[in-house]
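> For reference, the file entry32.cif (mmCIF, C-alpha atoms and all ligand atoms) is included below:
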data_structure
#
loop_
_atom_site.label_atom_id
_atom_site.label_comp_id
_atom_site.auth_asym_id
_atom_site.auth_seq_id
_atom_site.Cartn_x
_atom_site.Cartn_y
_atom_site.Cartn_z
CA MET A 1 124.23 91.02 133.63
CA ILE A 2 122.78 88.56 131.12
CA LYS A 3 123.90 89.42 127.60
CA TYR A 4 121.03 88.88 125.20
CA LYS A 5 121.50 88.69 121.47
CA THR A 6 118.97 91.09 119.99
CA LEU A 7 117.07 90.47 116.77
CA THR A 8 118.99 93.26 115.03
CA GLU A 9 122.38 91.89 116.11
CA PHE A 10 121.37 88.43 114.97
CA VAL A 11 120.06 89.54 111.58
CA ILE A 12 123.20 91.57 110.88
CA GLU A 13 125.37 88.61 111.88
CA ARG A 14 123.47 86.31 109.52
CA GLN A 15 122.99 88.86 106.77
CA THR A 16 125.09 86.96 104.22
CA GLU A 17 122.59 84.08 104.41
CA PHE A 18 120.05 86.37 102.83
CA LYS A 19 120.17 86.01 99.08
CA TYR A 20 120.73 89.68 98.33
CA ALA A 21 122.85 90.81 101.27
CA THR A 22 122.44 94.56 101.10
CA GLY A 23 121.03 95.26 104.54
CA ASP A 24 117.47 95.50 103.25
CA LEU A 25 116.31 92.48 105.20
CA THR A 26 117.77 93.91 108.39
CA ALA A 27 115.77 97.06 107.80
CA ILE A 28 112.55 95.21 106.96
CA LEU A 29 112.79 93.00 110.05
CA ARG A 30 113.60 96.05 112.15
CA ASP A 31 110.42 97.71 110.83
CA ILE A 32 108.35 94.60 111.48
CA ALA A 33 109.70 94.47 115.04
CA ILE A 34 108.76 98.12 115.59
CA ALA A 35 105.19 97.64 114.36
CA ALA A 36 104.94 94.42 116.39
CA LYS A 37 105.89 96.28 119.56
CA VAL A 38 103.24 98.91 118.88
CA VAL A 39 100.59 96.25 118.25
CA ASN A 40 101.80 94.36 121.32
CA ARG A 41 101.29 97.45 123.46
CA GLU A 42 97.72 97.86 122.23
CA THR A 43 97.00 94.13 122.59
CA ASN A 44 98.23 94.20 126.17
CA ARG A 45 95.82 96.92 127.19
CA ALA A 46 92.96 95.65 125.04
CA GLY A 47 90.56 95.20 127.95
CA LEU A 48 90.91 98.80 129.07
CA GLY A 49 88.99 100.83 126.61
CA GLU A 50 86.30 100.81 123.99
CA ASP A 51 88.72 102.46 121.60
CA ILE A 52 90.70 99.19 121.34
CA LEU A 53 88.30 96.36 121.96
CA GLY A 54 85.41 95.17 119.83
CA ALA A 55 84.14 95.37 116.29
CA HIS A 56 85.22 98.14 113.97
CA GLY A 57 81.87 98.15 112.20
CA ASN A 58 83.17 97.09 108.80
CA THR A 59 83.30 93.77 107.01
CA ASN A 60 86.53 93.00 105.16
CA VAL A 61 86.81 91.61 101.64
CA GLN A 62 86.80 88.11 103.13
CA GLY A 63 83.30 88.74 104.49
CA GLU A 64 84.59 88.74 108.06
CA GLU A 65 83.76 91.34 110.68
CA GLN A 66 86.78 93.58 111.27
CA GLN A 67 87.85 94.18 114.83
CA LYS A 68 89.27 97.55 115.88
CA LEU A 69 92.61 95.90 116.49
CA ASP A 70 92.60 94.38 112.96
CA VAL A 71 92.43 97.87 111.54
CA TYR A 72 94.91 99.28 114.06
CA ALA A 73 97.47 96.53 113.32
CA ASP A 74 96.96 96.86 109.58
CA ASN A 75 97.70 100.59 109.76
CA ALA A 76 100.68 100.13 112.07
CA PHE A 77 102.40 97.71 109.67
CA ILE A 78 101.50 99.73 106.57
CA GLN A 79 102.98 102.85 108.18
CA VAL A 80 106.37 101.26 108.90
CA PHE A 81 106.54 99.61 105.49
CA LYS A 82 105.65 102.89 103.76
CA SER A 83 108.28 104.89 105.57
CA GLY A 84 111.04 102.26 105.52
CA GLY A 85 111.91 102.59 101.82
CA GLU A 86 112.69 98.91 101.16
CA ILE A 87 109.09 97.93 100.40
CA CYS A 88 107.39 98.99 97.17
CA GLY A 89 103.95 97.65 98.02
CA ILE A 90 101.94 95.37 100.24
CA GLY A 91 99.03 92.98 100.20
CA SER A 92 97.06 92.61 103.41
CA GLU A 93 94.25 90.35 104.47
CA GLU A 94 92.36 93.43 105.66
CA ASN A 95 92.48 95.36 102.37
CA ASP A 96 90.38 94.63 99.31
CA ASP A 97 93.24 95.19 96.93
CA TYR A 98 97.03 95.29 97.06
CA MET A 99 98.58 98.67 97.79
CA PRO A 100 101.49 100.01 95.71
CA PHE A 101 103.40 102.73 97.56
CA THR A 102 103.70 105.87 95.48
CA SER A 103 106.61 107.84 96.96
CA GLU A 104 109.87 107.86 94.97
CA ILE A 105 111.76 106.16 97.79
CA SER A 106 109.19 103.37 98.06
CA LYS A 107 109.10 102.87 94.29
CA SER A 108 112.82 102.15 94.50
CA GLY A 109 112.14 99.46 97.14
CA LYS A 110 112.97 95.94 96.00
CA TYR A 111 110.52 93.97 98.13
CA VAL A 112 106.84 93.39 98.72
CA VAL A 113 105.26 92.11 101.92
CA LEU A 114 102.09 90.06 102.14
CA PHE A 115 100.65 89.92 105.63
CA ASP A 116 97.88 89.04 108.02
CA PRO A 117 98.07 91.98 110.44
CA LEU A 118 96.13 90.27 113.19
CA ASP A 119 95.50 86.58 113.10
CA GLY A 120 92.91 85.06 115.42
CA SER A 121 91.26 88.43 115.89
CA SER A 122 87.98 86.90 117.00
CA ASN A 123 89.91 85.89 120.14
CA ILE A 124 90.89 89.43 121.16
CA ASP A 125 87.86 89.96 123.36
CA VAL A 126 88.59 86.84 125.39
CA ASN A 127 92.29 87.39 126.04
CA VAL A 128 93.59 84.50 123.94
CA SER A 129 96.89 84.60 122.01
CA ILE A 130 96.77 86.29 118.63
CA GLY A 131 99.44 86.98 116.02
CA THR A 132 100.78 88.68 112.91
CA ILE A 133 102.01 86.66 109.91
CA PHE A 134 104.26 88.01 107.15
CA SER A 135 105.80 86.91 103.90
CA ILE A 136 108.51 88.80 101.99
CA TYR A 137 109.20 88.54 98.25
CA ARG A 138 111.60 90.20 95.87
CA ARG A 139 109.55 92.31 93.45
CA LYS A 140 109.17 91.13 89.85
CA SER A 141 108.41 94.53 88.33
CA GLU A 142 111.13 97.00 87.50
CA THR A 143 112.63 98.97 90.38
CA GLY A 144 111.54 102.61 90.25
CA THR A 145 108.04 101.79 89.00
CA GLN A 146 104.91 101.10 91.03
CA ALA A 147 104.44 97.58 92.36
CA ASN A 148 101.87 95.53 90.46
CA LEU A 149 99.74 92.45 90.97
CA GLU A 150 102.42 90.16 89.57
CA ASP A 151 104.68 91.18 92.46
CA MET A 152 102.05 89.95 94.89
CA LEU A 153 101.04 86.71 93.19
CA GLN A 154 104.25 84.75 93.63
CA LYS A 155 104.70 81.14 94.62
CA GLY A 156 105.52 80.39 98.25
CA ALA A 157 108.73 78.75 97.04
CA ASP A 158 109.91 82.22 95.97
CA GLN A 159 109.63 83.77 99.44
CA VAL A 160 112.89 85.31 100.61
CA ALA A 161 111.79 85.48 104.22
CA ALA A 162 108.70 84.81 106.30
CA GLY A 163 107.68 84.82 109.89
CA TYR A 164 105.14 85.56 112.55
CA VAL A 165 104.72 87.39 115.80
CA ILE A 166 102.72 85.78 118.57
CA TYR A 167 101.20 88.03 121.20
CA GLY A 168 100.89 85.40 123.88
CA SER A 169 101.90 84.92 127.48
CA SER A 170 105.12 86.34 126.15
CA THR A 171 105.52 88.02 122.76
CA MET A 172 107.71 86.26 120.24
CA LEU A 173 108.93 86.86 116.72
CA VAL A 174 109.85 83.77 114.69
CA TYR A 175 111.32 84.03 111.20
CA THR A 176 113.21 82.24 108.45
CA THR A 177 115.20 83.35 105.43
CA GLY A 178 115.55 79.77 104.20
CA HIS A 179 118.42 78.95 106.55
CA GLY A 180 116.55 77.45 109.47
CA VAL A 181 114.11 79.03 111.88
CA ASN A 182 114.93 81.25 114.83
CA GLY A 183 112.70 82.63 117.57
CA PHE A 184 113.07 85.84 119.60
CA THR A 185 111.22 86.75 122.77
CA LEU A 186 110.35 90.35 123.54
CA GLU A 187 112.17 91.36 126.72
CA PRO A 188 109.73 94.03 127.93
CA SER A 189 112.17 95.76 130.27
CA ILE A 190 114.50 96.69 127.40
CA GLY A 191 111.91 96.64 124.60
CA GLU A 192 113.97 94.33 122.39
CA PHE A 193 113.32 90.97 120.76
CA CYS A 194 116.10 88.69 122.04
CA LEU A 195 117.19 85.32 120.69
CA SER A 196 115.50 82.68 122.85
CA HIS A 197 114.80 79.78 120.44
CA PRO A 198 117.80 79.27 118.13
CA ASP A 199 117.47 76.81 115.23
CA MET A 200 113.91 75.65 115.91
CA GLN A 201 113.11 72.12 114.76
CA ILE A 202 109.66 70.59 114.71
CA PRO A 203 109.62 67.03 116.12
CA GLU A 204 109.07 64.47 113.31
CA ASN A 205 106.26 62.91 115.30
CA GLY A 206 103.86 64.54 117.69
CA LYS A 207 100.89 63.74 119.85
CA ILE A 208 98.68 66.73 119.12
CA TYR A 209 96.10 67.21 116.38
CA SER A 210 94.49 70.61 115.90
CA MET A 211 91.31 70.99 113.92
CA ASN A 212 87.99 72.72 114.44
CA GLU A 213 86.11 69.46 114.94
CA GLY A 214 82.82 71.30 114.66
CA ASN A 215 83.51 70.99 110.93
CA ILE A 216 84.11 67.25 110.91
CA LYS A 217 80.78 66.26 109.37
CA ARG A 218 81.30 68.80 106.60
CA SER A 219 84.77 67.40 105.86
CA SER A 220 85.83 64.76 103.38
CA LYS A 221 86.00 61.05 104.16
CA GLY A 222 89.80 61.20 104.20
CA VAL A 223 89.83 63.92 106.87
CA GLN A 224 87.21 62.10 108.94
CA GLU A 225 89.16 58.85 108.77
CA TYR A 226 92.41 60.60 109.73
CA ILE A 227 90.75 62.20 112.78
CA ASN A 228 89.37 58.74 113.71
CA TYR A 229 92.93 57.44 113.44
CA CYS A 230 94.17 60.22 115.77
CA GLN A 231 91.56 59.16 118.32
CA GLU A 232 92.14 55.41 118.15
CA ILE A 233 93.86 53.61 121.02
CA ASP A 234 97.24 52.21 120.02
CA LYS A 235 100.10 52.04 122.46
CA ALA A 236 102.79 51.55 119.81
CA THR A 237 101.99 54.86 118.13
CA LYS A 238 101.05 56.61 121.39
CA ARG A 239 97.47 57.20 120.35
CA PRO A 240 94.99 58.62 121.08
CA TYR A 241 96.59 61.97 120.36
CA SER A 242 95.47 65.03 122.27
CA GLY A 243 93.14 67.42 120.52
CA ARG A 244 94.22 71.04 120.96
CA TYR A 245 92.55 73.89 119.08
CA ILE A 246 92.95 77.49 120.13
CA GLY A 247 91.33 79.00 117.06
CA SER A 248 94.26 81.35 116.44
CA LEU A 249 96.30 79.82 113.66
CA VAL A 250 99.56 81.41 114.84
CA ALA A 251 99.09 80.07 118.37
CA ASP A 252 98.10 76.58 117.22
CA PHE A 253 100.99 76.51 114.77
CA HIS A 254 103.51 77.79 117.32
CA ARG A 255 102.54 75.18 119.90
CA ASN A 256 102.81 72.38 117.36
CA LEU A 257 106.15 73.71 116.09
CA ILE A 258 107.58 73.38 119.57
CA LYS A 259 105.82 70.25 120.79
CA GLY A 260 105.13 68.38 117.56
CA GLY A 261 101.67 68.10 116.06
CA ILE A 262 99.49 68.62 113.02
CA TYR A 263 97.19 71.54 112.25
CA ILE A 264 94.38 70.96 109.79
CA TYR A 265 91.97 73.42 108.18
CA PRO A 266 90.42 71.29 105.45
CA ALA A 267 88.04 71.96 102.62
CA THR A 268 84.46 71.61 103.86
CA ASP A 269 81.05 71.56 102.20
CA ALA A 270 80.57 75.13 103.38
CA ALA A 271 84.09 76.29 102.40
CA PRO A 272 85.22 74.18 99.42
CA ASN A 273 88.69 75.78 99.41
CA GLY A 274 89.08 75.82 103.16
CA LYS A 275 89.24 79.05 105.13
CA LEU A 276 92.86 80.05 105.35
CA ARG A 277 94.52 82.43 102.94
CA LEU A 278 97.38 81.17 100.78
CA LEU A 279 99.34 84.41 100.62
CA TYR A 280 98.97 85.74 104.15
CA GLU A 281 98.73 82.60 106.27
CA CYS A 282 99.60 79.33 104.52
CA ASN A 283 102.71 80.27 102.50
CA PRO A 284 104.61 81.95 105.35
CA LEU A 285 103.80 79.18 107.83
CA ALA A 286 104.62 76.54 105.21
CA PHE A 287 108.05 78.13 104.71
CA ILE A 288 108.69 78.05 108.45
CA ALA A 289 107.36 74.50 108.82
CA GLU A 290 109.60 73.19 106.03
CA GLN A 291 112.62 75.07 107.34
CA ALA A 292 112.02 73.49 110.75
CA GLY A 293 111.85 70.00 109.19
CA GLY A 294 108.06 69.74 108.84
CA LEU A 295 105.60 69.68 105.94
CA ALA A 296 102.77 71.79 104.58
CA SER A 297 100.27 70.55 102.04
CA THR A 298 96.78 71.14 100.68
CA GLY A 299 96.24 67.40 100.97
CA GLU A 300 97.02 67.14 97.29
CA LYS A 301 100.12 69.23 96.73
CA ARG A 302 102.85 71.16 98.47
CA ILE A 303 101.55 74.55 99.59
CA MET A 304 104.64 76.43 98.35
CA ASP A 305 104.26 75.04 94.81
CA ILE A 306 100.88 76.65 94.24
CA ASP A 307 100.75 79.40 91.60
CA PRO A 308 98.47 82.01 93.17
CA LYS A 309 95.66 83.20 90.96
CA GLU A 310 94.20 85.86 93.24
CA LEU A 311 95.19 87.91 96.23
CA HIS A 312 92.77 86.49 98.76
CA GLN A 313 92.91 82.91 97.51
CA ARG A 314 92.04 80.26 100.09
CA VAL A 315 93.44 76.74 100.29
CA PRO A 316 92.98 73.66 102.48
CA PHE A 317 95.89 73.49 104.91
CA PHE A 318 97.67 70.56 106.57
CA VAL A 319 100.84 71.62 108.37
CA GLY A 320 103.17 70.37 111.09
CA SER A 321 105.29 67.37 112.01
CA LYS A 322 106.59 65.55 108.96
CA ASN A 323 105.31 62.07 109.77
CA MET A 324 101.92 63.31 110.93
CA VAL A 325 101.30 65.34 107.77
CA ALA A 326 102.51 62.39 105.66
CA LYS A 327 100.08 60.10 107.49
CA ALA A 328 97.19 62.50 106.96
CA MET A 329 98.12 62.58 103.26
CA GLU A 330 97.86 58.78 103.13
CA PHE A 331 94.25 59.02 104.29
CA ILE A 332 93.47 61.76 101.80
CA GLN A 333 95.08 59.78 98.95
CA GLN A 334 93.21 56.66 99.96
CA HIS A 335 89.74 58.12 100.44
CA ASP A 336 89.44 61.41 98.61
CA LEU A 337 91.86 61.71 95.72
CA VAL A 338 91.15 58.20 94.44
CA ASN A 339 87.43 58.97 94.31
CA SER A 340 87.81 62.46 92.88
CA ASN A 341 90.13 61.16 90.16
CA ASN A 342 87.63 58.53 89.02
P1 LIG B 401 91.87 85.89 111.04
O1 LIG B 401 91.60 86.30 112.46
O2 LIG B 401 93.16 86.47 110.53
O3 LIG B 401 90.70 86.14 110.13
O4 LIG B 401 92.18 84.34 111.01
C1 LIG B 401 91.28 83.46 111.63
C2 LIG B 401 91.66 82.07 111.26
C3 LIG B 401 92.77 81.45 112.06
O5 LIG B 401 93.44 82.26 112.93
C4 LIG B 401 92.10 80.35 112.81
O6 LIG B 401 92.91 79.23 112.86
C5 LIG B 401 90.86 80.08 112.06
O7 LIG B 401 90.51 81.28 111.43
C6 LIG B 401 89.75 79.65 112.97
O8 LIG B 401 88.65 79.40 112.22
P2 LIG B 401 87.39 78.61 112.82
O9 LIG B 401 86.77 79.54 113.81
O10 LIG B 401 86.54 78.35 111.62
O11 LIG B 401 87.91 77.35 113.44
MN MN B 402 94.47 84.90 110.05
MN MN B 403 93.63 88.54 110.31
#
So that I can check it, write out the structure of this file as structure tokens.

Amino acid sequence: MIKYKTLTEFVIERQTEFKYATGDLTAILRDIAIAAKVVNRETNRAGLGEDILGAHGNTNVQGEEQQKLDVYADNAFIQVFKSGGEICGIGSEENDDYMPFTSEISKSGKYVVLFDPLDGSSNIDVNVSIGTIFSIYRRKSETGTQANLEDMLQKGADQVAAGYVIYGSSTMLVYTTGHGVNGFTLEPSIGEFCLSHPDMQIPENGKIYSMNEGNIKRSSKGVQEYINYCQEIDKATKRPYSGRYIGSLVADFHRNLIKGGIYIYPATDAAPNGKLRLLYECNPLAFIAEQAGGLASTGEKRIMDIDPKELHQRVPFFVGSKNMVAKAMEFIQQHDLVNSNN
């Protein structure tokens, strides 16, 4: 019999790497894994019934049409966080405002979670990989009180753990506590996430660029010139690179993490701050990218150094292989920042 190392075994084994080794992280990750399995089950049968597939009928605070699975996943994660006792409040992409938990046990929780319950949800109907992204912080407010906005608006550099689940051809959970990145594949026959990708490292160079090129004419000169560079023929640097864009951030990020590549969602004329959300998408993936040896930037500054001003704040996002992100930055510095600083 093959002996798998389960997520729970692994987290317990590495518990001392977590800053405040009290077992809380083990419990939080256990809860995330439970909700992920529930969402995975629904995702897997998404073609089978009108109760799962399609639009929910609401528009979220971001102005995006909510899918039924967005709402389902949001509720599934909120439920486990509420009942776990380690979390005092959450912020979710699908809720207008943050949500402090009011029970006595939750108020004594030391952590908050910011999350994107279902990423890439416009792809559900067409059977393309989707995901969940999460970010865990130590609360700033006093234990025993209700969580407040200050607990939610923390810098990415203060994350104590972050990760994502990808519901793909297999289902994986990838996370970091600031001591490298490890990936676990759901073994469906035993219903456990098992260590499959220990110590993940993103190649320093890659041959994939991922951007919605439909936006290229609305993008800055620096972005346009960098994409031109990716498409140029140059044997020494193995260009042209391949363009790969799934349209599910988690799936695009995960592929580039394994194969090497850069993902770009820039500022455009139509979306001057880009599309992706700092707290639910960019910070957690930036933490993972850096822990795997990569970079994450707005084009101007490190993602994890940004002081969030609002819950649903959006930022331009360049993430992936170190040398590719650095190269993209060169183009931005040369064409955009110079001009905007003059
Ligand atoms: P979400 O489904 O959580 O709203 O996120 C959608 C995001 C992200 O997953 C993806 O990379 C990006 O939107 C795609 O946007 P475009 O369709 O504009 O390329
Ligand atoms: Mn998303
Ligand atoms: Mn989402």
> My list of candidates is A:Ser103, A:Gln67, A:Gln154, A:Ser196. Which is closest to A:Phe10 when distances are computed with all atoms listed in the file?
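Closest residue, counting all atoms listed in the file: A:Ser196.
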> Enumerate residues in contact with ligand MN 403 (chain B): an atom-to-atom distance of at most 8 Å, counting only C-alpha atoms and all ligand atoms. Format the result as a PyMOL selection string.
chain A and resi 70+93-94+116-121+132
> Between A:Thr22, A:Gln66, A:Ser169, A:Asn212, which one has atoms that come closest to ligand LIG 401 (chain B), using only C-alpha atoms and all ligand atoms?
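With only C-alpha atoms and all ligand atoms as the atom set, the closest residue is A:Asn212.
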> Skipping near chain neighbours, those fewer than 6 positions away, what residues fall within 8 Å of A:His312 using only C-alpha atoms, listed as a JSON list (two decimals) with C-alpha atoms, keeping the file's coordinate frame?

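Just written: part_25.json:
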[["chain", "number", "residue", "atom", "x", "y", "z"],
["A", 62, "GLN", "CA", 86.80, 88.11, 103.13],
["A", 93, "GLU", "CA", 94.25, 90.35, 104.47],
["A", 277, "ARG", "CA", 94.52, 82.43, 102.94],
["A", 278, "LEU", "CA", 97.38, 81.17, 100.78],
["A", 279, "LEU", "CA", 99.34, 84.41, 100.62]]
> Excluding same-chain residues fewer than 2 positions from A:Gly260, what lies within 6 Å of it counting all atoms listed in the file, as a ChimeraX atom specification?
/A:202-203,206,256-258,321
> Need to verify the contact set: A:Glu225, 12 Å, only C-alpha atoms, exclusion of same-chain residues closer than 2 positions in sequence. Can you return it as an mmCIF file with C-alpha atoms, keeping the file's coordinate frame?

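Once everything was written out, this is selection.cif:
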data_model
loop_
_atom_site.group_PDB
_atom_site.id
_atom_site.type_symbol
_atom_site.label_atom_id
_atom_site.label_comp_id
_atom_site.auth_asym_id
_atom_site.auth_seq_id
_atom_site.Cartn_x
_atom_site.Cartn_y
_atom_site.Cartn_z
ATOM 1 C CA ILE A 216 84.110 67.250 110.910
ATOM 2 C CA LYS A 217 80.780 66.260 109.370
ATOM 3 C CA SER A 219 84.770 67.400 105.860
ATOM 4 C CA SER A 220 85.830 64.760 103.380
ATOM 5 C CA LYS A 221 86.000 61.050 104.160
ATOM 6 C CA GLY A 222 89.800 61.200 104.200
ATOM 7 C CA VAL A 223 89.830 63.920 106.870
ATOM 8 C CA ILE A 227 90.750 62.200 112.780
ATOM 9 C CA ASN A 228 89.370 58.740 113.710
ATOM 10 C CA TYR A 229 92.930 57.440 113.440
ATOM 11 C CA CYS A 230 94.170 60.220 115.770
ATOM 12 C CA GLN A 231 91.560 59.160 118.320
ATOM 13 C CA GLU A 232 92.140 55.410 118.150
ATOM 14 C CA LYS A 327 100.080 60.100 107.490
ATOM 15 C CA ALA A 328 97.190 62.500 106.960
ATOM 16 C CA MET A 329 98.120 62.580 103.260
ATOM 17 C CA GLU A 330 97.860 58.780 103.130
ATOM 18 C CA PHE A 331 94.250 59.020 104.290
ATOM 19 C CA ILE A 332 93.470 61.760 101.800
ATOM 20 C CA GLN A 333 95.080 59.780 98.950
ATOM 21 C CA GLN A 334 93.210 56.660 99.960
ATOM 22 C CA HIS A 335 89.740 58.120 100.440
ATOM 23 C CA ASP A 336 89.440 61.410 98.610
#
